[in-house]
Amino acid sequence: MKRILIIDDDQSICKELKELLDNSGYEGIILNDFSDVIAKIESINPDLILLDINIPFVNGEMLLHDIRSFSHVPIIMVTSRNNESDEVLSMSYGADDYITKPYNPTILLLHISAVLKRMEVSSDIIKYDDLTILSKKGVIKNESQELILTKNELLVFSFLYTNRGNIVSRDALMTELWNNDEYINDNALSVNISRLRNKLKELGYPNAIETRKGQGYILL
């Protein structure tokens with residue numbers, strides 16, 4: 001179970017967040033003491049932090065900056081300060097996402113899920129049902145077979161996996177490849193999707209990537 005640390009001085013919001021997280025398959029942990037926050041974070045070792053900007057003793061953005069000096073734990077800023085400069089500063093200090101209050105609980109949970117998936121994808125190993133993808137080796141395998149993925153096939157799969165269950169447009173895939181210095185055209189994207197599908201089919205997943213006409217693709 002993923003442990004999510006809530007750092008917010010509004011106790012009513014903390015209780016609401018904890019209840020939401022606990023009812024959604026996570027373990028919500030409320031930070032009640034704001035003295036020596038860094039030591040407490042290291043002790044708790046959470047899988048994700050929900051961090052407000054306005055907290056006692058230390059500005060949340062500065063705390064974010066300090067956390068990034070020793071940890072890559074995913075951090076989502078959850079704050080009532082709705083201005084572009086705070087969002088830009090938070091992202092430049094290493095925040096993984098930024099959500100303003102009041103927020104829709106379902107949307108918050110989707111953001112949490114997406115950030116956690118991105119962290120899984122950024123690691124060397126991705127688990128997709130009974131398949132294992134070794135990112136650094138460019139390998140996809142099950143218990144009996146191992147296939148090589150090209151760099152583009154791996155990028156496409158990783159992006160679909162990060163957004164698993166949601167439709168990803170061709171434009172979004174092209175942008176993701178472009179951001180990784182892979183300059184491919186529309187036809188090349190189709191070829192990569194086709195090759196990736198064939199490899200997944202060979203490993204027992206013929207319908208893993210579904211085409212939604214006029215919309216894009218979805219990893220089931």
# chains A, B, ... in the order shown; residues from 1 in each chain; ligands from 1
$ select_by_dssp --residues "range 107-216 of chain A" --states "strand (DSSP E)" --output "list in words"
Ile125, Ile126, Lys127, Tyr128, Leu131, Thr132, Ile133, Leu134, Val139, Ile140, Lys141, Glu146, Leu147, Ile148, Ile209, Glu210, Thr211, Arg212 and Gly216 of chain A
$ residues_around --residues "Ile99 in chain A" --least-positions-apart "6" --cutoff "8 Å" --atoms "only C-alpha atoms" --output "list in words"
Ile76, Met77, Val78, Thr79 and Leu108 of chain A
$ select_by_dssp --residues "range 42-141 of chain A" --states "helix (DSSP H, G or I)" --output "mmCIF file with N, CA and C atoms, in the first residue's frame"
data_model
loop_
_atom_site.group_PDB
_atom_site.id
_atom_site.type_symbol
_atom_site.label_atom_id
_atom_site.label_comp_id
_atom_site.auth_asym_id
_atom_site.auth_seq_id
_atom_site.Cartn_x
_atom_site.Cartn_y
_atom_site.Cartn_z
ATOM 1 N N GLU A 42 12.008 12.067 6.460
ATOM 2 C CA GLU A 42 12.974 10.980 6.318
ATOM 3 C C GLU A 42 12.560 9.769 7.140
ATOM 4 N N SER A 43 11.988 10.018 8.313
ATOM 5 C CA SER A 43 11.554 8.929 9.179
ATOM 6 C C SER A 43 10.340 8.195 8.611
ATOM 7 N N ILE A 44 9.391 8.957 8.082
ATOM 8 C CA ILE A 44 8.166 8.361 7.536
ATOM 9 C C ILE A 44 8.431 7.675 6.197
ATOM 10 N N GLY A 60 6.184 26.426 2.097
ATOM 11 C CA GLY A 60 6.103 25.127 1.441
ATOM 12 C C GLY A 60 7.020 24.997 0.241
ATOM 13 N N GLU A 61 7.187 26.091 -0.487
ATOM 14 C CA GLU A 61 8.066 26.033 -1.657
ATOM 15 C C GLU A 61 9.522 25.861 -1.249
ATOM 16 N N MET A 62 9.924 26.494 -0.152
ATOM 17 C CA MET A 62 11.288 26.313 0.335
ATOM 18 C C MET A 62 11.483 24.907 0.885
ATOM 19 N N LEU A 63 10.433 24.382 1.532
ATOM 20 C CA LEU A 63 10.498 22.995 2.019
ATOM 21 C C LEU A 63 10.655 22.039 0.840
ATOM 22 N N LEU A 64 9.905 22.298 -0.214
ATOM 23 C CA LEU A 64 10.036 21.498 -1.437
ATOM 24 C C LEU A 64 11.478 21.522 -1.933
ATOM 25 N N HIS A 65 12.052 22.702 -1.975
ATOM 26 C CA HIS A 65 13.437 22.859 -2.423
ATOM 27 C C HIS A 65 14.394 22.055 -1.544
ATOM 28 N N ASP A 66 14.163 22.084 -0.230
ATOM 29 C CA ASP A 66 15.029 21.343 0.701
ATOM 30 C C ASP A 66 14.859 19.830 0.537
ATOM 31 N N ILE A 67 13.615 19.383 0.328
ATOM 32 C CA ILE A 67 13.373 17.944 0.142
ATOM 33 C C ILE A 67 14.105 17.433 -1.091
ATOM 34 N N GLU A 84 0.043 32.044 -11.221
ATOM 35 C CA GLU A 84 1.005 31.398 -12.108
ATOM 36 C C GLU A 84 2.420 31.403 -11.542
ATOM 37 N N SER A 85 2.798 32.468 -10.852
ATOM 38 C CA SER A 85 4.172 32.561 -10.346
ATOM 39 C C SER A 85 4.463 31.471 -9.321
ATOM 40 N N ASP A 86 3.474 31.163 -8.443
ATOM 41 C CA ASP A 86 3.665 30.090 -7.464
ATOM 42 C C ASP A 86 3.795 28.739 -8.154
ATOM 43 N N GLU A 87 2.978 28.516 -9.169
ATOM 44 C CA GLU A 87 3.041 27.247 -9.896
ATOM 45 C C GLU A 87 4.383 27.097 -10.603
ATOM 46 N N VAL A 88 4.834 28.163 -11.265
ATOM 47 C CA VAL A 88 6.116 28.116 -11.971
ATOM 48 C C VAL A 88 7.262 27.866 -10.992
ATOM 49 N N LEU A 89 7.238 28.574 -9.843
ATOM 50 C CA LEU A 89 8.297 28.407 -8.851
ATOM 51 C C LEU A 89 8.288 26.988 -8.290
ATOM 52 N N SER A 90 7.098 26.477 -7.988
ATOM 53 C CA SER A 90 6.988 25.120 -7.442
ATOM 54 C C SER A 90 7.526 24.090 -8.426
ATOM 55 N N MET A 91 7.165 24.221 -9.692
ATOM 56 C CA MET A 91 7.628 23.262 -10.688
ATOM 57 C C MET A 91 9.138 23.383 -10.901
ATOM 58 N N SER A 92 9.654 24.610 -10.833
ATOM 59 C CA SER A 92 11.096 24.795 -11.008
ATOM 60 C C SER A 92 11.874 24.220 -9.830
ATOM 61 N N PRO A 105 -12.210 15.864 -5.558
ATOM 62 C CA PRO A 105 -11.517 14.705 -5.008
ATOM 63 C C PRO A 105 -11.145 13.660 -6.053
ATOM 64 N N THR A 106 -12.037 13.432 -7.008
ATOM 65 C CA THR A 106 -11.752 12.448 -8.057
ATOM 66 C C THR A 106 -10.578 12.893 -8.915
ATOM 67 N N ILE A 107 -10.541 14.195 -9.234
ATOM 68 C CA ILE A 107 -9.433 14.729 -10.038
ATOM 69 C C ILE A 107 -8.125 14.616 -9.268
ATOM 70 N N LEU A 108 -8.162 14.899 -7.969
ATOM 71 C CA LEU A 108 -6.955 14.773 -7.144
ATOM 72 C C LEU A 108 -6.445 13.336 -7.164
ATOM 73 N N LEU A 109 -7.338 12.378 -7.021
ATOM 74 C CA LEU A 109 -6.934 10.967 -7.046
ATOM 75 C C LEU A 109 -6.337 10.583 -8.394
ATOM 76 N N LEU A 110 -6.879 11.130 -9.477
ATOM 77 C CA LEU A 110 -6.337 10.852 -10.810
ATOM 78 C C LEU A 110 -4.926 11.425 -10.933
ATOM 79 N N HIS A 111 -4.714 12.612 -10.390
ATOM 80 C CA HIS A 111 -3.380 13.230 -10.419
ATOM 81 C C HIS A 111 -2.389 12.397 -9.604
ATOM 82 N N ILE A 112 -2.822 11.933 -8.435
ATOM 83 C CA ILE A 112 -1.959 11.095 -7.599
ATOM 84 C C ILE A 112 -1.583 9.821 -8.340
ATOM 85 N N SER A 113 -2.576 9.172 -8.946
ATOM 86 C CA SER A 113 -2.321 7.938 -9.687
ATOM 87 C C SER A 113 -1.356 8.175 -10.840
ATOM 88 N N ALA A 114 -1.544 9.270 -11.564
ATOM 89 C CA ALA A 114 -0.687 9.577 -12.711
ATOM 90 C C ALA A 114 0.755 9.833 -12.280
ATOM 91 N N VAL A 115 0.932 10.575 -11.185
ATOM 92 C CA VAL A 115 2.285 10.871 -10.700
ATOM 93 C C VAL A 115 2.981 9.589 -10.250
ATOM 94 N N LEU A 116 2.266 8.726 -9.529
ATOM 95 C CA LEU A 116 2.859 7.465 -9.076
ATOM 96 C C LEU A 116 3.231 6.579 -10.251
ATOM 97 N N LYS A 117 2.398 6.568 -11.295
ATOM 98 C CA LYS A 117 2.714 5.772 -12.488
ATOM 99 C C LYS A 117 3.944 6.321 -13.194
ATOM 100 N N ARG A 118 4.050 7.660 -13.253
ATOM 101 C CA ARG A 118 5.229 8.257 -13.883
ATOM 102 C C ARG A 118 6.500 7.856 -13.149
ATOM 103 N N MET A 119 6.421 7.785 -11.833
ATOM 104 C CA MET A 119 7.581 7.370 -11.048
ATOM 105 C C MET A 119 7.949 5.930 -11.346
ATOM 106 N N GLU A 120 6.939 5.067 -11.538
ATOM 107 C CA GLU A 120 7.206 3.673 -11.880
ATOM 108 C C GLU A 120 7.879 3.580 -13.241
ATOM 109 N N VAL A 121 7.380 4.382 -14.179
ATOM 110 C CA VAL A 121 7.936 4.355 -15.535
ATOM 111 C C VAL A 121 9.362 4.870 -15.548
ATOM 112 N N SER A 122 9.652 5.864 -14.682
ATOM 113 C CA SER A 122 10.997 6.433 -14.676
ATOM 114 C C SER A 122 12.016 5.491 -14.056
#
$ residues_around --residues "Leu17 in chain A" --least-positions-apart "6" --cutoff "9 Å" --atoms "only C-alpha atoms" --output "PyMOL selection string"
chain A and resi 6+28+30+105
$ write_last_selection --atoms "C-alpha atoms" --output "short mmCIF file (atom, residue, chain, number, x, y, z; two decimals), in the first residue's frame"
data_model
loop_
_atom_site.label_atom_id
_atom_site.label_comp_id
_atom_site.auth_asym_id
_atom_site.auth_seq_id
_atom_site.Cartn_x
_atom_site.Cartn_y
_atom_site.Cartn_z
CA ILE A 6 -0.19 15.16 4.00
CA GLY A 28 -2.87 8.68 4.39
CA ILE A 30 -1.01 13.52 8.53
CA PRO A 105 -11.52 14.70 -5.01
#
$ closest_residue --among "A:Ser12, A:Ile7, A:Phe57, A:Asp186" --to "Lys40 in chain A" --atoms "only C-alpha atoms"
A:Ile7
